[in-house]
Amino acid sequence: MRRVTAVAPGRVNLIGDHTDHAGGLVLPMAVDRWTTVEGVAGGAEVRLRSADEPEPAVVPLGVGDPSAVEPAWARYVAGVVAEVGPAGGLDGTVTTTLPVGAGLSSSAALEVAVALALGDPGPPLDLARRCQRAEQRASGVPCGIMDQLASAAGVGGCALRIDCTTLDVRPVPLPDGLAVVVVHSGESRRLAGSAYGERRAECEAAAAVVGPLRDATLADLAAVADPVARRRARHVVTEDERVDEVVAALLAGDGRAAGAAMVASHASLRDDFEVSTPALDALVERLVATPGVLGARLTGAGFGGCAVALVEEEAAAGVAGWRVRPVAGASVTVGDVSPP
Ligand code: GLA
């Protein structure tokens with residue numbers, strides 16, 4: 001019998017939100033909070049217990065519709081089983097140091113850890129694609145690939161510039177002297193599935209007029225008659241530009257320029273994409289007024305959850321929140337079960 005241990009990190013997105021589903025640019029980093037799946041391989045089902053959940057996930061290898069599985073957390077396990085199609089089951093446990101529902105991709109970390117524990121052969125991009133589909137099938141949210149790819153392909157000390165059209169992944173070192181702090185708004189993220197889907201559909205409506213938003217200019221968007229779709233597309237087009245501004249600023253060690261682009265990103269997510277909340281707006285305002293904070297913005301899907309702040313290293317201890325560090329992506333170890 002084989003004992004497997006798979007570990008997958010969560011992620012925080014420095015900039016580039018609601019661009020992945022439109023083929024745009026993102027800049028997430030895998031962070032030092034992880035989900036671990038440990039167990040013994042074999043059998044005809046995947047049975048996982050979690051210290052944070054009253055009911056275990058028990059998923060037969062031939063599971064049909066992951067979204068119908070109970071309890072709700074088991075749907076993510078079921079989505080992975082359905083996508084990976086493992087030859088055998090697994091009996092084990094899930095533990096995590098990630099807060100759930102905070103916008104740090106605890107679900108992506110769970111999917112990636114389960115997939116690796118079930119023998120997903122990778123490479124990281126294929127693993128991420130299967131886990132993205134698992135998330136979509138489990139939750140009904142038509143998410144992009146950012147969260148799963150950041151968890152699978154993280155590079156220690158670096159954020160990842162991901163081009164969500166070509167799926168080219170480029171590590172961008174976080175310069176010395178800068179820290180990343182995540183602060184919860186106090187509103188647990190209602191994974192407003194329908195609002196996420198609506199936003200994505202609005203972007204697609206704009207793209208149907210002007211072509212892929214990745215290649216569109218602000219001038220092109222004048223052709224989009226619907227003012228809502230036009231604003232959504234304006235967010236995507238300007239956010240793509242800001243991602244590369246932050247990449248250039250980080251490479252030049254210019255924390256101030258990176259922070260300014262993050263503040264502009266928040267305004268765009270608030271005004272054009274309309275995924276912020278009053279609590280997130282107040283939090284970002286408070287963070288930006290804090291000494292040593294170079295910039296802040298909501299991170300992830302929005303609708304609640306966390307803000308991310310870029311902070312001067314020496315000021316980081318004064319910002320109440322979770323200091324996070326960029327880490328390597330998910331990994332798995334396999335060994336023989338020692339005889340009793
Ligand atoms: C969620 C989705 C991602 C991405 C972000 C917003 O985390 O899972 O694919 O769209 O929202 O950037």
# chains A, B, ... in the order shown; residues from 1 in each chain; ligands from 1
>>> residues_near_ligand(ligand="ligand 1", cutoff="6 Å", atoms="only C-alpha atoms and all ligand atoms", output="ChimeraX atom specification")
/A:17-18,20-21,143-147,300-301
>>> residues_around(residues="Val183 in chain A", least_positions_apart="3", cutoff="6 Å", atoms="only C-alpha atoms", output="PyMOL selection string")
chain A and resi 306-307+321
>>> write_last_selection(atoms="C-alpha atoms", output="mmCIF file, in the first residue's frame")
data_model
loop_
_atom_site.group_PDB
_atom_site.id
_atom_site.type_symbol
_atom_site.label_atom_id
_atom_site.label_comp_id
_atom_site.auth_asym_id
_atom_site.auth_seq_id
_atom_site.Cartn_x
_atom_site.Cartn_y
_atom_site.Cartn_z
ATOM 1 C CA CYS A 306 -9.586 40.330 1.729
ATOM 2 C CA ALA A 307 -7.518 43.301 0.678
ATOM 3 C CA GLY A 321 -3.127 41.355 9.064
#
>>> select_by_dssp(residues="range 117-235 of chain A", states="alpha helix (DSSP H)", output="tab-separated table (two decimals) with all heavy atoms, in the first residue's frame")
chain	number	residue	atom	x	y	z
A	117	ALA	N	-2.66	14.02	-4.76
A	117	ALA	CA	-2.76	12.83	-3.91
A	117	ALA	C	-3.37	11.66	-4.70
A	117	ALA	O	-3.08	10.50	-4.42
A	117	ALA	CB	-3.58	13.13	-2.67
A	124	PRO	N	2.28	21.12	-14.26
A	124	PRO	CA	1.44	22.06	-13.50
A	124	PRO	C	0.31	22.70	-14.30
A	124	PRO	O	-0.79	22.87	-13.78
A	124	PRO	CB	2.44	23.11	-13.03
A	124	PRO	CG	3.74	22.38	-12.94
A	124	PRO	CD	3.73	21.35	-14.03
A	125	LEU	N	0.55	23.01	-15.58
A	125	LEU	CA	-0.51	23.65	-16.35
A	125	LEU	C	-1.68	22.70	-16.58
A	125	LEU	O	-2.85	23.10	-16.46
A	125	LEU	CB	0.05	24.14	-17.70
A	125	LEU	CG	-0.97	24.82	-18.63
A	125	LEU	CD1	-1.65	25.99	-17.94
A	125	LEU	CD2	-0.29	25.28	-19.92
A	126	ASP	N	-1.40	21.44	-16.86
A	126	ASP	CA	-2.49	20.47	-17.07
A	126	ASP	C	-3.21	20.18	-15.76
A	126	ASP	O	-4.44	20.06	-15.72
A	126	ASP	CB	-1.93	19.16	-17.66
A	126	ASP	CG	-1.36	19.39	-19.05
A	126	ASP	OD1	-1.79	20.35	-19.71
A	126	ASP	OD2	-0.47	18.62	-19.46
A	127	LEU	N	-2.42	20.06	-14.69
A	127	LEU	CA	-3.00	19.87	-13.36
A	127	LEU	C	-3.95	21.04	-13.04
A	127	LEU	O	-5.09	20.84	-12.59
A	127	LEU	CB	-1.85	19.81	-12.34
A	127	LEU	CG	-2.15	19.95	-10.87
A	127	LEU	CD1	-2.95	18.76	-10.38
A	127	LEU	CD2	-0.84	20.04	-10.06
A	128	ALA	N	-3.49	22.26	-13.31
A	128	ALA	CA	-4.30	23.45	-13.03
A	128	ALA	C	-5.57	23.45	-13.87
A	128	ALA	O	-6.65	23.79	-13.39
A	128	ALA	CB	-3.48	24.71	-13.28
A	129	ARG	N	-5.46	23.04	-15.14
A	129	ARG	CA	-6.64	23.03	-16.01
A	129	ARG	C	-7.69	22.04	-15.49
A	129	ARG	O	-8.88	22.34	-15.46
A	129	ARG	CB	-6.23	22.60	-17.42
A	129	ARG	CG	-5.65	23.70	-18.25
A	129	ARG	CD	-5.75	23.25	-19.71
A	129	ARG	NE	-5.31	24.28	-20.61
A	129	ARG	CZ	-4.17	24.22	-21.32
A	129	ARG	NH1	-3.36	23.19	-21.18
A	129	ARG	NH2	-3.87	25.19	-22.14
A	130	ARG	N	-7.21	20.86	-15.06
A	130	ARG	CA	-8.17	19.87	-14.54
A	130	ARG	C	-8.83	20.41	-13.27
A	130	ARG	O	-10.03	20.24	-13.06
A	130	ARG	CB	-7.47	18.54	-14.27
A	130	ARG	CG	-7.25	17.71	-15.52
A	130	ARG	CD	-6.72	16.32	-15.22
A	130	ARG	NE	-5.29	16.30	-15.01
A	130	ARG	CZ	-4.37	16.26	-15.99
A	130	ARG	NH1	-4.77	16.20	-17.24
A	130	ARG	NH2	-3.09	16.25	-15.72
A	131	CYS	N	-8.02	21.08	-12.42
A	131	CYS	CA	-8.59	21.59	-11.16
A	131	CYS	C	-9.51	22.78	-11.42
A	131	CYS	O	-10.49	22.97	-10.69
A	131	CYS	CB	-7.46	21.95	-10.20
A	131	CYS	SG	-6.60	20.48	-9.59
A	132	GLN	N	-9.23	23.58	-12.42
A	132	GLN	CA	-10.15	24.68	-12.79
A	132	GLN	C	-11.50	24.10	-13.20
A	132	GLN	O	-12.56	24.57	-12.77
A	132	GLN	CB	-9.55	25.50	-13.94
A	132	GLN	CG	-10.48	26.59	-14.47
A	132	GLN	CD	-10.03	27.13	-15.83
A	132	GLN	OE1	-9.18	26.54	-16.50
A	132	GLN	NE2	-10.60	28.25	-16.22
A	133	ARG	N	-11.47	23.07	-14.03
A	133	ARG	CA	-12.74	22.44	-14.45
A	133	ARG	C	-13.44	21.80	-13.25
A	133	ARG	O	-14.66	21.84	-13.14
A	133	ARG	CB	-12.48	21.40	-15.54
A	133	ARG	CG	-12.25	22.01	-16.92
A	133	ARG	CD	-12.37	20.96	-18.02
A	133	ARG	NE	-11.36	19.92	-17.90
A	133	ARG	CZ	-10.17	19.95	-18.51
A	133	ARG	NH1	-9.86	20.97	-19.29
A	133	ARG	NH2	-9.30	18.97	-18.34
A	134	ALA	N	-12.64	21.24	-12.33
A	134	ALA	CA	-13.23	20.66	-11.11
A	134	ALA	C	-13.97	21.73	-10.32
A	134	ALA	O	-15.10	21.52	-9.87
A	134	ALA	CB	-12.13	20.03	-10.26
A	135	GLU	N	-13.35	22.89	-10.19
A	135	GLU	CA	-13.98	24.00	-9.45
A	135	GLU	C	-15.27	24.44	-10.16
A	135	GLU	O	-16.30	24.65	-9.53
A	135	GLU	CB	-13.01	25.18	-9.37
A	135	GLU	CG	-13.61	26.48	-8.86
A	135	GLU	CD	-13.29	26.79	-7.41
A	135	GLU	OE1	-12.26	26.29	-6.91
A	135	GLU	OE2	-14.08	27.53	-6.78
A	136	GLN	N	-15.21	24.55	-11.49
A	136	GLN	CA	-16.40	24.97	-12.24
A	136	GLN	C	-17.53	23.96	-12.07
A	136	GLN	O	-18.68	24.34	-11.87
A	136	GLN	CB	-16.05	25.13	-13.73
A	136	GLN	CG	-15.10	26.29	-14.00
A	136	GLN	CD	-14.67	26.38	-15.45
A	136	GLN	OE1	-14.77	25.40	-16.20
A	136	GLN	NE2	-14.17	27.54	-15.85
A	137	ARG	N	-17.19	22.69	-12.13
A	137	ARG	CA	-18.23	21.65	-12.02
A	137	ARG	C	-18.76	21.57	-10.60
A	137	ARG	O	-19.94	21.27	-10.37
A	137	ARG	CB	-17.67	20.30	-12.45
A	137	ARG	CG	-17.43	20.24	-13.95
A	137	ARG	CD	-16.79	18.95	-14.36
A	137	ARG	NE	-17.67	17.79	-14.22
A	137	ARG	CZ	-17.33	16.55	-14.56
A	137	ARG	NH1	-16.13	16.31	-15.04
A	137	ARG	NH2	-18.19	15.56	-14.41
A	138	ALA	N	-17.90	21.81	-9.61
A	138	ALA	CA	-18.32	21.71	-8.21
A	138	ALA	C	-19.21	22.89	-7.81
A	138	ALA	O	-20.21	22.72	-7.13
A	138	ALA	CB	-17.09	21.66	-7.29
A	139	SER	N	-18.81	24.09	-8.24
A	139	SER	CA	-19.44	25.31	-7.71
A	139	SER	C	-20.40	25.96	-8.70
A	139	SER	O	-21.20	26.81	-8.31
A	139	SER	CB	-18.36	26.33	-7.34
A	139	SER	OG	-17.69	26.76	-8.53
A	146	MET	N	-6.49	31.33	-12.87
A	146	MET	CA	-5.45	31.93	-12.03
A	146	MET	C	-5.17	31.17	-10.73
A	146	MET	O	-4.02	30.89	-10.40
A	146	MET	CB	-5.84	33.37	-11.68
A	146	MET	CG	-4.95	33.96	-10.58
A	146	MET	SD	-5.17	35.69	-10.34
A	146	MET	CE	-6.79	35.78	-9.62
A	147	ASP	N	-6.22	30.85	-9.97
A	147	ASP	CA	-6.02	30.33	-8.61
A	147	ASP	C	-5.33	28.97	-8.65
A	147	ASP	O	-4.36	28.72	-7.92
A	147	ASP	CB	-7.36	30.20	-7.88
A	147	ASP	CG	-8.14	31.49	-7.86
A	147	ASP	OD1	-7.55	32.55	-8.19
A	147	ASP	OD2	-9.33	31.47	-7.51
A	148	GLN	N	-5.81	28.09	-9.51
A	148	GLN	CA	-5.26	26.74	-9.58
A	148	GLN	C	-3.85	26.77	-10.15
A	148	GLN	O	-2.99	26.02	-9.70
A	148	GLN	CB	-6.19	25.86	-10.44
A	148	GLN	CG	-7.54	25.55	-9.81
A	148	GLN	CD	-8.55	26.68	-9.94
A	148	GLN	OE1	-8.33	27.66	-10.68
A	148	GLN	NE2	-9.67	26.56	-9.25
A	149	LEU	N	-3.60	27.66	-11.12
A	149	LEU	CA	-2.26	27.70	-11.72
A	149	LEU	C	-1.25	28.31	-10.74
A	149	LEU	O	-0.11	27.85	-10.65
A	149	LEU	CB	-2.30	28.49	-13.04
A	149	LEU	CG	-1.04	28.44	-13.89
A	149	LEU	CD1	-0.53	27.02	-14.11
A	149	LEU	CD2	-1.28	29.10	-15.25
A	150	ALA	N	-1.69	29.30	-9.96
A	150	ALA	CA	-0.78	29.88	-8.96
A	150	ALA	C	-0.41	28.82	-7.93
A	150	ALA	O	0.75	28.70	-7.53
A	150	ALA	CB	-1.43	31.08	-8.29
A	151	SER	N	-1.39	28.03	-7.50
A	151	SER	CA	-1.12	27.00	-6.49
A	151	SER	C	-0.22	25.90	-7.05
A	151	SER	O	0.67	25.40	-6.37
A	151	SER	CB	-2.45	26.39	-6.01
A	151	SER	OG	-2.21	25.38	-5.05
A	152	ALA	N	-0.42	25.55	-8.32
A	152	ALA	CA	0.35	24.45	-8.92
A	152	ALA	C	1.75	24.87	-9.33
A	152	ALA	O	2.68	24.08	-9.27
A	152	ALA	CB	-0.40	23.90	-10.14
A	153	ALA	N	1.90	26.15	-9.76
A	153	ALA	CA	3.15	26.54	-10.42
A	153	ALA	C	3.94	27.59	-9.65
A	153	ALA	O	4.88	28.18	-10.19
A	153	ALA	CB	2.83	27.05	-11.83
A	193	GLY	N	-21.94	33.42	-6.99
A	193	GLY	CA	-21.73	32.73	-8.25
A	193	GLY	C	-22.38	33.45	-9.40
A	193	GLY	O	-21.78	33.62	-10.46
A	194	SER	N	-23.60	33.90	-9.20
A	194	SER	CA	-24.32	34.50	-10.31
A	194	SER	C	-23.67	35.82	-10.71
A	194	SER	O	-23.53	36.11	-11.89
A	194	SER	CB	-25.77	34.73	-9.94
A	194	SER	OG	-25.83	35.64	-8.88
A	195	ALA	N	-23.21	36.63	-9.72
A	195	ALA	CA	-22.59	37.91	-10.06
A	195	ALA	C	-21.28	37.68	-10.80
A	195	ALA	O	-20.97	38.40	-11.75
A	195	ALA	CB	-22.38	38.76	-8.81
A	196	TYR	N	-20.53	36.67	-10.40
A	196	TYR	CA	-19.28	36.36	-11.12
A	196	TYR	C	-19.61	35.99	-12.56
A	196	TYR	O	-19.00	36.49	-13.50
A	196	TYR	CB	-18.54	35.20	-10.42
A	196	TYR	CG	-17.17	34.90	-11.00
A	196	TYR	CD1	-16.01	35.32	-10.35
A	196	TYR	CD2	-17.04	34.20	-12.20
A	196	TYR	CE1	-14.76	35.04	-10.89
A	196	TYR	CE2	-15.80	33.92	-12.74
A	196	TYR	CZ	-14.66	34.34	-12.08
A	196	TYR	OH	-13.43	34.06	-12.62
A	197	GLY	N	-20.59	35.12	-12.71
A	197	GLY	CA	-20.98	34.69	-14.05
A	197	GLY	C	-21.51	35.85	-14.89
A	197	GLY	O	-21.22	35.94	-16.08
A	198	GLU	N	-22.27	36.74	-14.23
A	198	GLU	CA	-22.79	37.92	-14.94
A	198	GLU	C	-21.66	38.80	-15.46
A	198	GLU	O	-21.68	39.26	-16.60
A	198	GLU	CB	-23.57	38.80	-13.95
A	198	GLU	CG	-25.06	38.72	-14.02
A	198	GLU	CD	-25.66	39.43	-12.81
A	198	GLU	OE1	-25.18	40.54	-12.45
A	198	GLU	OE2	-26.58	38.86	-12.19
A	199	ARG	N	-20.67	39.04	-14.56
A	199	ARG	CA	-19.54	39.89	-14.97
A	199	ARG	C	-18.81	39.26	-16.16
A	199	ARG	O	-18.42	39.92	-17.10
A	199	ARG	CB	-18.54	40.08	-13.83
A	199	ARG	CG	-19.07	40.83	-12.63
A	199	ARG	CD	-19.44	42.25	-12.98
A	199	ARG	NE	-19.80	43.00	-11.78
A	199	ARG	CZ	-20.96	42.90	-11.15
A	199	ARG	NH1	-21.91	42.09	-11.60
A	199	ARG	NH2	-21.20	43.60	-10.06
A	200	ARG	N	-18.60	37.96	-16.06
A	200	ARG	CA	-17.89	37.28	-17.15
A	200	ARG	C	-18.69	37.40	-18.45
A	200	ARG	O	-18.13	37.68	-19.52
A	200	ARG	CB	-17.66	35.81	-16.78
A	200	ARG	CG	-16.90	35.08	-17.83
A	200	ARG	CD	-16.51	33.68	-17.48
A	200	ARG	NE	-15.86	33.10	-18.66
A	200	ARG	CZ	-14.97	32.12	-18.66
A	200	ARG	NH1	-14.63	31.56	-17.53
A	200	ARG	NH2	-14.45	31.68	-19.78
A	201	ALA	N	-20.01	37.23	-18.34
A	201	ALA	CA	-20.87	37.33	-19.54
A	201	ALA	C	-20.83	38.75	-20.12
A	201	ALA	O	-20.85	38.93	-21.34
A	201	ALA	CB	-22.30	36.92	-19.18
A	202	GLU	N	-20.77	39.76	-19.25
A	202	GLU	CA	-20.70	41.15	-19.74
A	202	GLU	C	-19.40	41.39	-20.50
A	202	GLU	O	-19.38	42.07	-21.53
A	202	GLU	CB	-20.84	42.12	-18.55
A	202	GLU	CG	-22.28	42.15	-18.01
A	202	GLU	CD	-22.39	42.61	-16.55
A	202	GLU	OE1	-21.35	42.80	-15.88
A	202	GLU	OE2	-23.53	42.75	-16.07
A	203	CYS	N	-18.31	40.81	-19.98
A	203	CYS	CA	-17.02	40.93	-20.70
A	203	CYS	C	-17.12	40.24	-22.05
A	203	CYS	O	-16.60	40.74	-23.06
A	203	CYS	CB	-15.90	40.29	-19.89
A	203	CYS	SG	-15.51	41.20	-18.39
A	204	GLU	N	-17.79	39.08	-22.07
A	204	GLU	CA	-17.90	38.34	-23.33
A	204	GLU	C	-18.78	39.10	-24.33
A	204	GLU	O	-18.52	39.07	-25.55
A	204	GLU	CB	-18.43	36.93	-23.07
A	204	GLU	CG	-17.32	36.06	-22.47
A	204	GLU	CD	-17.78	34.75	-21.83
A	204	GLU	OE1	-19.00	34.47	-21.83
A	204	GLU	OE2	-16.91	34.03	-21.30
A	205	ALA	N	-19.79	39.82	-23.80
A	205	ALA	CA	-20.64	40.63	-24.70
A	205	ALA	C	-19.81	41.73	-25.35
A	205	ALA	O	-19.95	42.01	-26.56
A	205	ALA	CB	-21.81	41.22	-23.91
A	206	ALA	N	-18.92	42.35	-24.56
A	206	ALA	CA	-18.05	43.39	-25.14
A	206	ALA	C	-17.09	42.78	-26.15
A	206	ALA	O	-16.87	43.35	-27.23
A	206	ALA	CB	-17.28	44.10	-24.02
A	207	ALA	N	-16.54	41.61	-25.81
A	207	ALA	CA	-15.58	40.96	-26.72
A	207	ALA	C	-16.24	40.54	-28.03
A	207	ALA	O	-15.60	40.50	-29.08
A	207	ALA	CB	-14.94	39.75	-26.04
A	208	ALA	N	-17.55	40.26	-27.97
A	208	ALA	CA	-18.27	39.89	-29.19
A	208	ALA	C	-18.30	41.07	-30.17
A	208	ALA	O	-18.39	40.88	-31.38
A	208	ALA	CB	-19.69	39.42	-28.86
A	209	VAL	N	-18.20	42.30	-29.63
A	209	VAL	CA	-18.21	43.49	-30.49
A	209	VAL	C	-16.80	43.86	-30.95
A	209	VAL	O	-16.57	44.14	-32.13
A	209	VAL	CB	-18.84	44.70	-29.74
A	209	VAL	CG1	-18.82	45.95	-30.62
A	209	VAL	CG2	-20.25	44.38	-29.26
A	210	VAL	N	-15.84	43.84	-30.01
A	210	VAL	CA	-14.50	44.40	-30.35
A	210	VAL	C	-13.43	43.33	-30.53
A	210	VAL	O	-12.28	43.65	-30.81
A	210	VAL	CB	-14.03	45.41	-29.27
A	210	VAL	CG1	-14.97	46.58	-29.17
A	210	VAL	CG2	-13.84	44.74	-27.92
A	227	PRO	N	-23.61	50.43	-22.09
A	227	PRO	CA	-22.66	51.13	-21.20
A	227	PRO	C	-22.11	50.23	-20.08
A	227	PRO	O	-20.98	50.42	-19.64
A	227	PRO	CB	-23.50	52.28	-20.61
A	227	PRO	CG	-24.93	51.93	-20.86
A	227	PRO	CD	-24.95	51.02	-22.06
A	228	VAL	N	-22.90	49.25	-19.65
A	228	VAL	CA	-22.41	48.36	-18.58
A	228	VAL	C	-21.29	47.47	-19.14
A	228	VAL	O	-20.20	47.39	-18.57
A	228	VAL	CB	-23.56	47.50	-18.00
A	228	VAL	CG1	-23.01	46.47	-17.02
A	228	VAL	CG2	-24.58	48.41	-17.31
A	229	ALA	N	-21.53	46.84	-20.28
A	229	ALA	CA	-20.50	46.00	-20.89
A	229	ALA	C	-19.26	46.82	-21.20
A	229	ALA	O	-18.13	46.34	-21.06
A	229	ALA	CB	-21.05	45.34	-22.16
A	230	ARG	N	-19.46	48.08	-21.60
A	230	ARG	CA	-18.31	48.94	-21.93
A	230	ARG	C	-17.45	49.20	-20.68
A	230	ARG	O	-16.24	49.16	-20.74
A	230	ARG	CB	-18.82	50.25	-22.53
A	230	ARG	CG	-17.72	51.05	-23.22
A	230	ARG	CD	-18.30	52.12	-24.13
A	230	ARG	NE	-19.11	53.08	-23.40
A	230	ARG	CZ	-20.35	53.42	-23.72
A	230	ARG	NH1	-20.96	52.88	-24.75
A	230	ARG	NH2	-21.01	54.31	-22.99
A	231	ARG	N	-18.12	49.44	-19.56
A	231	ARG	CA	-17.36	49.69	-18.32
A	231	ARG	C	-16.62	48.43	-17.86
A	231	ARG	O	-15.49	48.49	-17.40
A	231	ARG	CB	-18.30	50.17	-17.21
A	231	ARG	CG	-18.54	51.66	-17.26
A	231	ARG	CD	-19.24	52.17	-16.03
A	231	ARG	NE	-20.62	51.71	-16.00
A	231	ARG	CZ	-21.18	51.06	-14.99
A	231	ARG	NH1	-20.47	50.77	-13.91
A	231	ARG	NH2	-22.44	50.68	-15.04
A	232	ARG	N	-17.30	47.30	-17.95
A	232	ARG	CA	-16.63	46.04	-17.56
A	232	ARG	C	-15.38	45.83	-18.41
A	232	ARG	O	-14.32	45.46	-17.91
A	232	ARG	CB	-17.56	44.83	-17.74
A	232	ARG	CG	-18.91	44.95	-17.04
A	232	ARG	CD	-18.80	45.07	-15.54
A	232	ARG	NE	-20.13	44.95	-14.94
A	232	ARG	CZ	-20.70	45.85	-14.15
A	232	ARG	NH1	-20.04	46.95	-13.80
A	232	ARG	NH2	-21.91	45.65	-13.67
A	233	ALA	N	-15.53	46.06	-19.71
A	233	ALA	CA	-14.39	45.87	-20.63
A	233	ALA	C	-13.30	46.90	-20.35
A	233	ALA	O	-12.11	46.59	-20.43
A	233	ALA	CB	-14.87	45.97	-22.07
A	234	ARG	N	-13.71	48.11	-19.97
A	234	ARG	CA	-12.70	49.14	-19.66
A	234	ARG	C	-11.86	48.70	-18.47
A	234	ARG	O	-10.66	48.91	-18.43
A	234	ARG	CB	-13.39	50.47	-19.36
A	234	ARG	CG	-12.41	51.61	-19.13
A	234	ARG	CD	-13.10	52.94	-19.14
A	234	ARG	NE	-14.07	53.07	-18.06
A	234	ARG	CZ	-14.93	54.08	-17.94
A	234	ARG	NH1	-14.96	55.03	-18.86
A	234	ARG	NH2	-15.78	54.13	-16.94
A	235	HIS	N	-12.52	48.07	-17.48
A	235	HIS	CA	-11.74	47.54	-16.35
A	235	HIS	C	-10.70	46.55	-16.86
A	235	HIS	O	-9.52	46.63	-16.49
A	235	HIS	CB	-12.63	46.87	-15.30
A	235	HIS	CG	-11.80	46.01	-14.39
A	235	HIS	ND1	-10.96	46.56	-13.44
A	235	HIS	CD2	-11.61	44.67	-14.33
A	235	HIS	CE1	-10.30	45.58	-12.83
A	235	HIS	NE2	-10.68	44.42	-13.35
>>> atom_distance(atom1="CA of Val284 in chain A", atom2="CA of Glu312 in chain A")
16.2 Å
>>> closest_residue(among="A:Ala320, A:Thr36, A:Val224, A:Ala257", to="Asp244 in chain A", atoms="only C-alpha atoms")
A:Ala257
>>> closest_residue(among="A:Arg170, A:Gly140, A:Trp322, A:Val94", to="Ala68 in chain A", atoms="only C-alpha atoms")
A:Gly140
>>> select_by_dssp(residues="range 35-253 of chain A", states="strand (DSSP E or B)", output="JSON, numbers by chain")
{"A": [35, 36, 37, 38, 39, 40, 41, 45, 46, 47, 48, 49, 50, 57, 58, 59, 60, 90, 91, 92, 93, 94, 95, 96, 158, 159, 160, 161, 162, 163, 168, 169, 170, 171, 172, 173, 178, 179, 180, 181, 182, 183, 184]}
>>> write_last_selection(atoms="C-alpha atoms", output="PDB file, in the first residue's frame")
ATOM      1  CA  THR A  35      -3.748  22.586   2.443  1.00  0.00           C
ATOM      2  CA  THR A  36      -2.412  19.080   3.069  1.00  0.00           C
ATOM      3  CA  VAL A  37      -4.048  15.835   1.962  1.00  0.00           C
ATOM      4  CA  GLU A  38      -2.578  12.721   3.549  1.00  0.00           C
ATOM      5  CA  GLY A  39      -3.765   9.162   3.163  1.00  0.00           C
ATOM      6  CA  VAL A  40      -3.384   5.612   1.984  1.00  0.00           C
ATOM      7  CA  ALA A  41      -4.072   4.947  -1.693  1.00  0.00           C
ATOM      8  CA  GLU A  45     -13.774   5.586  -3.278  1.00  0.00           C
ATOM      9  CA  VAL A  46     -12.089   8.725  -2.000  1.00  0.00           C
ATOM     10  CA  ARG A  47     -12.786   9.153   1.697  1.00  0.00           C
ATOM     11  CA  LEU A  48     -11.396  12.283   3.355  1.00  0.00           C
ATOM     12  CA  ARG A  49     -11.997  13.661   6.817  1.00  0.00           C
ATOM     13  CA  SER A  50     -11.375  17.330   7.629  1.00  0.00           C
ATOM     14  CA  ALA A  57     -16.185  13.652   1.942  1.00  0.00           C
ATOM     15  CA  VAL A  58     -16.986  10.209   0.543  1.00  0.00           C
ATOM     16  CA  VAL A  59     -16.798  10.158  -3.245  1.00  0.00           C
ATOM     17  CA  PRO A  60     -17.076   7.050  -5.447  1.00  0.00           C
ATOM     18  CA  LEU A  90      -7.746   7.181  -1.173  1.00  0.00           C
ATOM     19  CA  ASP A  91      -8.504   7.086   2.544  1.00  0.00           C
ATOM     20  CA  GLY A  92      -7.142   9.996   4.556  1.00  0.00           C
ATOM     21  CA  THR A  93      -7.396  13.472   6.011  1.00  0.00           C
ATOM     22  CA  VAL A  94      -7.390  17.122   4.942  1.00  0.00           C
ATOM     23  CA  THR A  95      -5.813  19.835   7.065  1.00  0.00           C
ATOM     24  CA  THR A  96      -5.299  23.472   6.166  1.00  0.00           C
ATOM     25  CA  CYS A 158       8.293  35.340  -6.764  1.00  0.00           C
ATOM     26  CA  ALA A 159       4.910  36.457  -7.985  1.00  0.00           C
ATOM     27  CA  LEU A 160       3.824  34.927 -11.308  1.00  0.00           C
ATOM     28  CA  ARG A 161       2.928  37.037 -14.320  1.00  0.00           C
ATOM     29  CA  ILE A 162       0.481  34.793 -16.135  1.00  0.00           C
ATOM     30  CA  ASP A 163      -0.765  35.581 -19.617  1.00  0.00           C
ATOM     31  CA  ASP A 168       2.856  31.704 -20.410  1.00  0.00           C
ATOM     32  CA  VAL A 169       4.008  31.914 -16.763  1.00  0.00           C
ATOM     33  CA  ARG A 170       6.856  34.264 -15.872  1.00  0.00           C
ATOM     34  CA  PRO A 171       8.224  34.483 -12.294  1.00  0.00           C
ATOM     35  CA  VAL A 172       8.688  38.072 -11.056  1.00  0.00           C
ATOM     36  CA  PRO A 173      10.868  38.319  -7.914  1.00  0.00           C
ATOM     37  CA  LEU A 178       8.851  45.057   0.324  1.00  0.00           C
ATOM     38  CA  ALA A 179       6.318  42.989   2.237  1.00  0.00           C
ATOM     39  CA  VAL A 180       2.841  41.736   1.308  1.00  0.00           C
ATOM     40  CA  VAL A 181       0.129  41.852   3.963  1.00  0.00           C
ATOM     41  CA  VAL A 182      -3.386  40.444   3.573  1.00  0.00           C
ATOM     42  CA  VAL A 183      -6.162  41.994   5.647  1.00  0.00           C
ATOM     43  CA  HIS A 184      -9.684  40.608   5.991  1.00  0.00           C
TER      44      HIS A 184
END
>>> atom_distance(atom1="CA of Leu251 in chain A", atom2="CA of His266 in chain A")
21.7 Å
>>> closest_residue(among="A:Gly186, A:Gly157, A:Ala309, A:Val243", to="Glu285 in chain A", atoms="only C-alpha atoms")
A:Ala309
>>> closest_residue(among="A:Val275, A:Ala72, A:Ala289, A:Leu174", to="Val327 in chain A", atoms="only C-alpha atoms")
A:Leu174
>>> closest_residue(among="A:Glu313, A:Asp120, A:Glu55, A:Asp65", to="Gly79 in chain A", atoms="only C-alpha atoms")
A:Asp65
>>> closest_residue(among="A:Asp281, A:Glu274, A:Asp254, A:Asp240", to="Val26 in chain A", atoms="only C-alpha atoms")
A:Asp240
>>> atom_distance(atom1="CA of Pro291 in chain A", atom2="CA of Gly255 in chain A")
13.8 Å
>>> residues_around(residues="Glu239 in chain A", least_positions_apart="2", cutoff="8 Å", atoms="only C-alpha atoms", output="list in words")
Ile15, Gly16, Asp17, Thr19, Leu25, His235, Val236, Val237, Glu241, Arg242, Val243, Ser265 and Ser268 of chain A
